[in-house]
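Worksheet for the structure shown next.
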Amino acid sequence: MIDGVFCLLSLSMHNMKNKELVCRTEIRVRFSDVDSMGVVWHGNYIRYFEDGRESFGNQFEINYMDFYRENVLIPIVKLTCDFKKPLVYGDTAIVETKFVDCDAAKLLYDYTIFRNRSGEVAVTGSSTQVFLNPDRELLLEIPPFFYRWKRKYGLIG
C-alpha cells in the first residue's frame, strides 16, 4: 500500500551538469507481505520497486499509460535486489526510486528502501526496461515522446 509520495528534482552531487529525478514513496508493510518468520517475503520487495516506479511515473508525468498511448511496450529485462536488513510486519519504509539517465533506448532505475524508524537501508536494487513496438520488436532509438520528456526535465539540452 502506498501511503505517501514525495518527489524531488535535484542536481547530482557527482556531476553538477546532470539533474537527478528522484521519487520517495512511503509504504506500510502489511500482514499479507510477510512470511511465517514475520519478515517481508523476498518477492514483495520487487512489488515495492514497482510501487516506486509507478509513483515516479505519476509524479514526473511519464507513467505506464503514456507508453501505452504511444504504442511502446516497456518490459523489464533485468532486475537486481540486494537484501541488507529485513522489514517486518507493521514497518513503514521509504522506497527511493532514482531515474538513471542514459543515451540508450531503455529505462534504468535504481532503488533504495529505507526502514522509516531507523533510516537504515533495508534493500537496494535496480531495473532495466527496454522499448518494444507493438510487434514486440526492440526499438533501438529513443521514442520521440520520451525524448521530449527528457528535455522537459532538463536531462538533455
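Please note that chains go A, B, ... in the order of the C-alpha cells, that every chain numbers its residues from 1, and that ligands are numbered from 1 in the order shown.
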Query raised in the report: Hey, what's within 7 Å of region 123-133 of chain A if we count only C-alpha atoms and toss same-chain stuff fewer than 5 positions away? As a VMD selection string, please?
Result: chain A and resid 71 to 85 105 to 113 138 to 139
Go ahead and dump the residues you just picked, C-alpha atoms, as a PDB file, in the first residue's frame.
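What follows is the written file out23.pdb:
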ATOM      1  CA  ASN A  71       2.345   2.110 -28.683  1.00  0.00           C
ATOM      2  CA  VAL A  72       5.539   1.410 -26.776  1.00  0.00           C
ATOM      3  CA  LEU A  73       5.903  -1.653 -24.560  1.00  0.00           C
ATOM      4  CA  ILE A  74       8.456  -1.475 -21.724  1.00  0.00           C
ATOM      5  CA  PRO A  75       9.187  -4.943 -20.344  1.00  0.00           C
ATOM      6  CA  ILE A  76      11.695  -5.433 -17.565  1.00  0.00           C
ATOM      7  CA  VAL A  77      14.719  -7.316 -18.910  1.00  0.00           C
ATOM      8  CA  LYS A  78      16.967  -7.078 -15.854  1.00  0.00           C
ATOM      9  CA  LEU A  79      16.292  -6.740 -12.159  1.00  0.00           C
ATOM     10  CA  THR A  80      18.619  -6.801  -9.156  1.00  0.00           C
ATOM     11  CA  CYS A  81      17.726  -6.875  -5.481  1.00  0.00           C
ATOM     12  CA  ASP A  82      20.250  -6.881  -2.638  1.00  0.00           C
ATOM     13  CA  PHE A  83      18.898  -7.554   0.837  1.00  0.00           C
ATOM     14  CA  LYS A  84      20.541  -5.701   3.744  1.00  0.00           C
ATOM     15  CA  LYS A  85      18.099  -5.643   6.704  1.00  0.00           C
ATOM     16  CA  ALA A 105      16.811   3.402 -25.715  1.00  0.00           C
ATOM     17  CA  LYS A 106      15.935   1.980 -22.307  1.00  0.00           C
ATOM     18  CA  LEU A 107      14.721   2.908 -18.842  1.00  0.00           C
ATOM     19  CA  LEU A 108      17.073   2.466 -15.901  1.00  0.00           C
ATOM     20  CA  TYR A 109      16.084   2.888 -12.262  1.00  0.00           C
ATOM     21  CA  ASP A 110      17.981   2.488  -9.005  1.00  0.00           C
ATOM     22  CA  TYR A 111      16.107   1.753  -5.777  1.00  0.00           C
ATOM     23  CA  THR A 112      16.889   2.088  -2.109  1.00  0.00           C
ATOM     24  CA  ILE A 113      14.366   1.022   0.508  1.00  0.00           C
ATOM     25  CA  LEU A 138      13.206  -3.950 -29.980  1.00  0.00           C
ATOM     26  CA  LEU A 139      13.344  -0.192 -30.616  1.00  0.00           C
TER      27      LEU A 139
END
Query - DSSP helix (DSSP H, G or I) residues within chain A, listed as a PyMOL selection string - result: chain A and resi 31-33+42-59+64-69+144-152
Query raised in the report: What is the CA of Lys150 (chain A)-CA of Cys102 (chain A) distance in Å, reported with one decimal?
Result: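 About the pair CA of Lys150 (chain A) and CA of Cys102 (chain A): they are 10.3 Å apart.
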Query - Coordinates-based distance that separates CA of Val29 (chain A) from CA of Glu61 (chain A) (Å, one decimal) - result: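 Distance reported for this atom pair: 26.8 Å.
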Applying 7 Å and only C-alpha atoms, which residues near Arg115 (chain A) remain after dropping the ones on its own chain fewer than 6 positions away? List them as a PDB file with N, CA and C atoms, in the first residue's frame.
ATOM      1  N   THR A  92       7.010   0.880   8.462  1.00  0.00           N
ATOM      2  CA  THR A  92       6.846   1.758   7.316  1.00  0.00           C
ATOM      3  C   THR A  92       8.231   1.918   6.724  1.00  0.00           C
ATOM      4  N   ALA A  93       8.261   2.105   5.436  1.00  0.00           N
ATOM      5  CA  ALA A  93       9.530   2.213   4.742  1.00  0.00           C
ATOM      6  C   ALA A  93       9.405   3.257   3.649  1.00  0.00           C
ATOM      7  N   ILE A  94      10.532   3.750   3.220  1.00  0.00           N
ATOM      8  CA  ILE A  94      10.594   4.692   2.110  1.00  0.00           C
ATOM      9  C   ILE A  94      11.275   3.982   0.938  1.00  0.00           C
ATOM     10  N   VAL A 121      19.254   1.188   5.604  1.00  0.00           N
ATOM     11  CA  VAL A 121      18.952   0.648   4.290  1.00  0.00           C
ATOM     12  C   VAL A 121      18.524  -0.816   4.449  1.00  0.00           C
ATOM     13  N   ALA A 122      17.339  -1.126   3.963  1.00  0.00           N
ATOM     14  CA  ALA A 122      16.836  -2.497   4.007  1.00  0.00           C
ATOM     15  C   ALA A 122      17.181  -3.246   2.722  1.00  0.00           C
TER      16      ALA A 122
END
Report summary line: One decimal place gives the CA of Phe60 (chain A)-CA of Asp91 (chain A) separation as 26.9 Å
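Nearest-residue note for Asp103 (chain A): choosing from A:Arg47, A:Ile142, A:Asp135, A:Ser118, the minimum distance belongs to A:Ile142, counting only C-alpha atoms.
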